[in-house]
Every structure is written in structure tokens, then in C-alpha cells.
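Engineer: Sharing a structure here in C-alpha cells format.
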Amino acid sequence: MTALTLFEKVWSQHVVSNLAPGVDLLYVDRHLMHDLGGGDAIFQIRQRGLKVRQPQLTFATPDHVVETVPGRTGGMAPWADDTIALLRQQTNATGIHLFDVGQNSQGIIHVIGPEQGISLPGTTIVCGDSHTCTHGAVGAIAFGIGTTEVQHVLATQTLQQKKPKTMRVEFAGKTPEGVTAKDMILALIGHISASGGTGYAIEYCGSAIDNLSMEARFTLCNLSIECGAKVGMIAPDQTTIDWLKGRPFSPKGDEWQAATQHWSTLVSDAGAVFDKSVVIDCSKLSPHITWGTSPDQVIAVNQTIPKLNEASSSVQKKAWEDALEYMGLQQGEQIIGTPIQRVFIGSCTNSRLTDLRLAAAVIKGRKVAKHVNAWVVPGSMLVKQQAEAEGLDQIFKSAGFEWREPGCALCVGANGELVAPGERCVSTSNRNFTGRQGPGARTHLASPEMAAAAALAGEIVDHRNF
Amino acid sequence: MEKFEVITAIAAPFVHANVDTDRIIRIERCARVARKDMGLWAFESERLMPDGSKNPDFILNQAPFVNAGILVASENFGCGSSREMAVWAIAGMGIRCVIAPSFGEIFFSNCFQNGLLPIQLPHEEIANLQKQLLLSAKHSDIGQLSLTVDLIHQKLKTPWHQDFDFHVDPLRRISLLEGLDPIALTLKSLPSIEAFEEKSKSMNSWVWKI
């Protein structure tokens, strides 16, 4: 029998028909939707006289446009309430399950999908959002799609997809204390570039992956798209199974037995051939932080910002020049000591309970620097409640952090919550693009511990020495 | 969907690596601007001044590129967010074709759903094209700025008589040439979809018991 990769197994199990060489009609097991465009997509297909083919496989939540101020009931942006109302109306009319604002299941779609047991190993998962790759951490083929493709899935429960090539990324060795999944994936992006994964489905493996908690695996897979890969996945193991057991939508009883039996087959066979392989030695990693306006403009925090004459091409040199100008930084300088004004702990990357625990451990008993406005935005209502039960909210609040309601918030500013022009923000999110957190906002991506330490110091620091 | 067969249009060099879709269209516009008006807000942060007037330094505001129908871009064009509004914004500016060494994958797919043709060419060929176009613009040589994109024969023709072959996936090429609607096409395969669902329900019932 041919040795297959994890990706090839799950893909081939979802092929409805072959449309052309390398192009398949792929069945979608789970369709996740959010407020930004979700309501309109359902409306559009109904206008065409089409039905939602499998409403029971489709789940929605408002996350992008909801405000996150304590006590919120909707959004503060002029467009927010209409957007949420449309999603509510359209999901209600078509029988799609909505985790609504005010319910204790609402949250960022990429946090609640796994948390509710909707995102399962061996399934195909799509959502009109590029960070859908997050769900690959359970061993699913999960990827982001555009609005037209969302309508295609609603109407047919399938997608026409070109089969990507496969890439094996091994994180070898043991990560040093204070180095997290966020640092591992930022190091990979720095190594292979923001387009190094384009056209590939990545499988992450190696001893450092085996040792990651489930929540850390979501963080890692979340940034797959930042190196260009639509899909990033990890073979399900006991960590995955233990984490998924007993969740509201997870299979129960005999179904659970059948499911876990199937999941045990979801590994890359010995001798399976990948189109590309990369190895990252984790034993030498330090905490990472981005200095520029692309996630691959990243350094270990104790390194200096690269010099322009180190650029590999004139296009890269120009990109670095533009980035340095936008970020207000100098080539060749230390990044440690750069003053900051904002800190954001949240987003589909780093807003889960373990993230908040790690940040709280740094903060406990200390105070946010006077000139820093620091936020914690839990990824879901359940995360928020669990954190409050552990008293984490008190640690954050007494340090001077704002403790807010779940949503995408400052990662993308779709709800009108922004970083002011010229302000510098250490953010646990996934994109440091020009204007991403607001026009003129300067974003440094880092782990929750790094963000927490920066909030206390009022400048970029190595959290291990702080 | 608008068909794409052969176009001849002014080509603008856009020499920036990793142009992300946030940069192409801001998230606030995605939430509240109608699809037909999205072009007004394309590249907002750099194309428009804070008072709404046009930034004279932005290449697509400069004659003759203000009338560009083709963009000759750099590596990883359209990376980042899946927002299809980025394609609507570019198409809304009158651009029908983007040529680049590589693209963000979701943006690349979204182009085909909207009659916008993304063409991949090797880095060196793109760099030469960009250089040539900038040179022609500098010499106000308008005749040397129009490229012809022929999807029927998969050829890119330049006024300086240098032709390039390009390749588009056959299914996507036919869909663009004929302006086909993917949903209508897939619905013709309904029996296969139903058969898949029956098989999945019997083999992996846990997928369905939710």
C-alpha cells in the first residue's frame, strides 16, 4: 500500500469527485461563519432561490464587529448592530446554530469551534476567514475561503479545490523555558518567509509539537497562513482526544468510540513522501517579536533589527525601508528598550485559558506602566468565565489591565476599537500589517508573556529577564 | 460573472512585496461599503490623503497609470486576510488582470470568482516588465505602456514585441473564458454529493451526530 501523509488521508476521504487533474470537489464537514459577511452570504443564496444544504453542519457567531467593553450588548461601530442583526435573522431563518452575543457560548469563531467540540480530527472545516487554519491543530483540514466560496459551501456543502502540495515542518528538540508556541511559529515564518508556505498544506510534527498543550497547538496552527499556507495541521494524539472529550458537540458514547478509532489512523505513514521538509531546532529558540509590517520581519528579542545591506533583493530592501519608516525604528538597533503605549492580549491566536494563565503569572502583584493602556480580551465567554473562576481577572485588573468581553477586537479593528496613529502596541495577535490595528498604528507581534512584560515595563523587554 | 478573453490595457508597475489585503481594502470598508463602490476605497491609506483628496505620490493616481487595467505587482501579492472585498476593490478601479511572481492563495482563488485574472510569471520577467514600464512612463511613451493579455492562447504581449507564455489551471481558464457560475456547475453534480453524504453517514456517523 502507498504510504500516505496525514493530509492526503483526510483529503482523499472527502473527495466527492475529481474535476480535473489535481482539482477535486471536496466535501465540507463543518462550515463556520461570523458576522463580517456571514449574514449577507446566506441572504445572497436565498435571493437566488437556493437553500442552505446542511444547516446542521453550519455554525455562526458574531465576533468581528462586536465591541468588547464590559457590559456590551452589540457593537459601537455604526455598522455593527445591523451586521449582527442580519446574521441573527439569516441564521434563524435557515436553522443555522448561532452562538449569539449575550449567550455563554459566544466568542471568536476559531476559539469556540474547538471549544464546543465542533472542530474534530479527520474533518474538513472551512470559514470565510483566513485564520481557519487554527482548527488544523486537531488534525482537520481547515482553511479560509472568500465570500463567493462561502456561498458555494452554503448551497452545495462542497468546494472546488486544487490539491496543495505537502510540507513537513519538524520542530525538533526541547524548547527552553519561556519559549512558547508563538515563538516557534514566528521563528518558522522568519525562516521560510511570508510566502514560504504558499501552495502547501503543512504538517507540524516533532518532539516539541508532541509536548505542546492543545491550546498551544491552536496558536501554532493559527499562524500557518502568515507563511502563506492555507492549511497547517497536527496529527491527533492523546492530548487531542483528552481535550475534546465531553465537549458540548463532541461525539458521545458509541460515536465517541467509533470516532477515536478512526482518529487513531490519522498519522502520516512511515515512508510517506512530502514535497518539502523543514526542520527547526527548538533548543536554540528565544522569545520572538516582529519589528516590521510583515510577520516574517521578525527577530529573537535579544537580536538587533536587520541592516538594509543584509536584504536579499532590492524588493526586500525596499520593503524593509518602508517597514522601518512606518514603525519608526532604525536598522541595526536593539529592539529591547523600545517604548510602547498599548498592549493587547487576545485574538484567535492567543486568547485561550493557558495564554491568560501565562500572562497572569508574569503580571501577578505588579503594575502596568503609567503610560501604557493594556487590554485583555478573552477568546470566548467560556474562557472568560473559567479565567474569572481562577481569579485571573483580578490579577489583570489590579495590575491596571482592562478586562473585556470576547471578540476579535484590536487584532483587526472591525468593531471600531483601534490603536491610535503613531502608537506602538505589543500584541499577541497574528498580523502586523500597515494599518492593521488602525491607521498609523505600529504593531509588534509576540507571545502573551512578552506582551505582559512589555505592559509592566512600558517598553519591549525579554520577559525572561523581567 | 464577467467573461475574460483578451484585453489590452495600460499596465502599472506596483513594486511592493507582500501587499496584504488589509492594505488593499480597510476592514471598516468591508463592513459598510456596497460591492459596486468598493473601488473608491482601494488602497485607501496610500491612495487618498486624510482629507479624501488623491495622493499625487501614489502611482495609480499618476497619469498615465490612473487608467491602468493591468497591475504588474511583486511577490506575495494579496497575502493575509481572506476578504474578497480586496478583489472587488481592485476590480472596481478598472483593473482586470494582476501579474505577479506569487500571490496570497485565498486572494488568488477569489480573483477567479470575480472575473479578475491573476497571472504568475517568474520573478526576473516581472522585474524586467516593471523596469520597462517605469522607463516608458518616464519618457512619456504612452504607446509602450499597453500590454495585451490573451487568455485564449495564454499569451502576454508587450509593445516591445516580447511575448510571454503563461499558464492558468484549465478549469479556471474555462470558467473565466465562459463567465461560468461555479454554484450552478456544482449543482449539476448533486447526485455525487448525495451519494457522498450517504456513504459518510454510514461510515462516519460521528461526523453527523451533532
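The chains in the C-alpha cells are called A, B, ... from first to last as shown; in each chain the residues are counted from 1, and the ligands are counted from 1 in the order shown.
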Need the shell around range 199-205 of chain A: protein/DNA/RNA residues with any atom at most 6 Å away, counting only C-alpha atoms. Skip same-chain ones fewer than 6 positions apart. Format as a PDB file with N, CA and C atoms, in the first residue's frame?
Structural biologist:
ATOM      1  N   PRO A 164      -3.311  20.993  -2.625  1.00  0.00           N
ATOM      2  CA  PRO A 164      -1.997  21.609  -2.414  1.00  0.00           C
ATOM      3  C   PRO A 164      -0.886  20.568  -2.314  1.00  0.00           C
ATOM      4  N   LYS A 165       0.342  21.051  -2.407  1.00  0.00           N
ATOM      5  CA  LYS A 165       1.494  20.193  -2.142  1.00  0.00           C
ATOM      6  C   LYS A 165       1.607  20.027  -0.617  1.00  0.00           C
ATOM      7  N   THR A 166       2.491  19.127  -0.188  1.00  0.00           N
ATOM      8  CA  THR A 166       2.612  18.894   1.252  1.00  0.00           C
ATOM      9  C   THR A 166       3.990  19.319   1.754  1.00  0.00           C
ATOM     10  N   MET A 167       3.999  19.879   2.950  1.00  0.00           N
ATOM     11  CA  MET A 167       5.251  20.279   3.596  1.00  0.00           C
ATOM     12  C   MET A 167       5.286  19.720   5.013  1.00  0.00           C
ATOM     13  N   ARG A 168       6.418  19.142   5.367  1.00  0.00           N
ATOM     14  CA  ARG A 168       6.601  18.626   6.718  1.00  0.00           C
ATOM     15  C   ARG A 168       7.482  19.604   7.474  1.00  0.00           C
ATOM     16  N   VAL A 169       6.968  20.125   8.573  1.00  0.00           N
ATOM     17  CA  VAL A 169       7.775  21.014   9.407  1.00  0.00           C
ATOM     18  C   VAL A 169       8.004  20.323  10.741  1.00  0.00           C
ATOM     19  N   GLU A 170       9.255  19.984  10.998  1.00  0.00           N
ATOM     20  CA  GLU A 170       9.583  19.322  12.249  1.00  0.00           C
ATOM     21  C   GLU A 170      10.154  20.324  13.233  1.00  0.00           C
ATOM     22  N   ALA A 229       0.645  29.397   3.999  1.00  0.00           N
ATOM     23  CA  ALA A 229      -0.041  28.099   3.900  1.00  0.00           C
ATOM     24  C   ALA A 229      -1.495  28.221   4.360  1.00  0.00           C
ATOM     25  N   VAL A 231      -3.395  25.711   4.907  1.00  0.00           N
ATOM     26  CA  VAL A 231      -3.641  24.598   5.821  1.00  0.00           C
ATOM     27  C   VAL A 231      -2.392  24.325   6.648  1.00  0.00           C
ATOM     28  N   GLY A 232      -2.577  24.170   7.959  1.00  0.00           N
ATOM     29  CA  GLY A 232      -1.499  23.704   8.827  1.00  0.00           C
ATOM     30  C   GLY A 232      -2.122  22.733   9.806  1.00  0.00           C
ATOM     31  N   MET A 233      -1.586  21.526   9.909  1.00  0.00           N
ATOM     32  CA  MET A 233      -2.264  20.538  10.751  1.00  0.00           C
ATOM     33  C   MET A 233      -1.296  19.716  11.596  1.00  0.00           C
ATOM     34  N   ILE A 234      -1.856  19.139  12.652  1.00  0.00           N
ATOM     35  CA  ILE A 234      -1.086  18.304  13.577  1.00  0.00           C
ATOM     36  C   ILE A 234      -1.863  16.998  13.762  1.00  0.00           C
TER      37      ILE A 234
END
Engineer: Can you list every residue of chain A that has an atom at most 7 Å from chain B, with its nearest atom pair and the distance in Å to one decimal, using only C-alpha atoms, ordered by chain then number, as JSON lines?
Structural biologist:
{"residue": "A:Val16", "atom": "CA", "partner": "B:Phe196", "partner_atom": "CA", "distance": 6.0}
{"residue": "A:Leu36", "atom": "CA", "partner": "B:Ala31", "partner_atom": "CA", "distance": 6.4}
{"residue": "A:Trp79", "atom": "CA", "partner": "B:Arg32", "partner_atom": "CA", "distance": 6.2}
{"residue": "A:Gly128", "atom": "CA", "partner": "B:Ser82", "partner_atom": "CA", "distance": 6.7}
{"residue": "A:Asp129", "atom": "CA", "partner": "B:Ser82", "partner_atom": "CA", "distance": 5.5}
{"residue": "A:Ser130", "atom": "CA", "partner": "B:Ser82", "partner_atom": "CA", "distance": 5.0}
{"residue": "A:Gly144", "atom": "CA", "partner": "B:Ser82", "partner_atom": "CA", "distance": 6.4}
{"residue": "A:Ile145", "atom": "CA", "partner": "B:Ser82", "partner_atom": "CA", "distance": 6.0}
{"residue": "A:Gly146", "atom": "CA", "partner": "B:Glu84", "partner_atom": "CA", "distance": 5.2}
{"residue": "A:Thr147", "atom": "CA", "partner": "B:Glu84", "partner_atom": "CA", "distance": 5.9}
{"residue": "A:Thr148", "atom": "CA", "partner": "B:Gln113", "partner_atom": "CA", "distance": 6.7}
{"residue": "A:His152", "atom": "CA", "partner": "B:Ile183", "partner_atom": "CA", "distance": 5.5}
{"residue": "A:Thr156", "atom": "CA", "partner": "B:Leu187", "partner_atom": "CA", "distance": 6.7}
{"residue": "A:Ser195", "atom": "CA", "partner": "B:Asn76", "partner_atom": "CA", "distance": 6.0}
{"residue": "A:Thr198", "atom": "CA", "partner": "B:Glu105", "partner_atom": "CA", "distance": 6.6}
{"residue": "A:Gly199", "atom": "CA", "partner": "B:Glu105", "partner_atom": "CA", "distance": 7.0}
{"residue": "A:Glu226", "atom": "CA", "partner": "B:Gly80", "partner_atom": "CA", "distance": 6.8}
{"residue": "A:Gly228", "atom": "CA", "partner": "B:Gly104", "partner_atom": "CA", "distance": 6.4}
{"residue": "A:Phe249", "atom": "CA", "partner": "B:Ile210", "partner_atom": "CA", "distance": 5.7}
{"residue": "A:Pro251", "atom": "CA", "partner": "B:Trp206", "partner_atom": "CA", "distance": 5.8}
{"residue": "A:Glu255", "atom": "CA", "partner": "B:Trp206", "partner_atom": "CA", "distance": 5.1}
{"residue": "A:Ala259", "atom": "CA", "partner": "B:Trp206", "partner_atom": "CA", "distance": 6.1}
{"residue": "A:Val315", "atom": "CA", "partner": "B:Ala17", "partner_atom": "CA", "distance": 6.4}
{"residue": "A:Gln316", "atom": "CA", "partner": "B:Ala17", "partner_atom": "CA", "distance": 7.0}
{"residue": "A:Ala319", "atom": "CA", "partner": "B:Ala17", "partner_atom": "CA", "distance": 6.3}
{"residue": "A:Ala414", "atom": "CA", "partner": "B:Ile27", "partner_atom": "CA", "distance": 5.6}
{"residue": "A:Thr434", "atom": "CA", "partner": "B:Arg23", "partner_atom": "CA", "distance": 6.9}
{"residue": "A:Arg436", "atom": "CA", "partner": "B:Asp22", "partner_atom": "CA", "distance": 6.6}
Engineer: Pull the helix (DSSP H, G or I) assignments for range 144-255 of chain A out of DSSP run on the backbone, and list those residues as JSON, numbers by chain.
Structural biologist: {"A": [147, 148, 149, 150, 151, 152, 153, 154, 155, 156, 181, 182, 183, 184, 185, 186, 187, 188, 189, 190, 191, 192, 207, 208, 209, 210, 214, 215, 216, 217, 218, 219, 220, 221, 222, 223, 224, 225, 226, 227, 238, 239, 240, 241, 242, 243, 244, 253, 254, 255]}
Engineer: Identify, on the basis of only C-alpha atoms, every residue whose closest approach to Gly440 in chain A does not exceed 9 Å; exclude the query and any residue fewer than 4 positions from it along the same chain; express the result as a VMD selection string.
Structural biologist: chain A and resid 326 to 327 419 to 423 434 to 436
Engineer: Counting only C-alpha atoms, what is within 8 Å of Asp237 in chain A, bar same-chain residues fewer than 3 positions away, as a list in words?
Structural biologist: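 Neighbouring residues, sequence-local ones excluded: Thr240, Ile241 and Ser264 of chain A.
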Engineer: Just the selected residues (C-alpha atoms), exported as a PDB file, in the first residue's frame, please.
Structural biologist:
ATOM      1  CA  THR A 240      -6.142  15.957  21.320  1.00  0.00           C
ATOM      2  CA  ILE A 241      -8.502  13.204  22.434  1.00  0.00           C
ATOM      3  CA  SER A 264      -6.050   6.756  15.582  1.00  0.00           C
TER       4      SER A 264
END
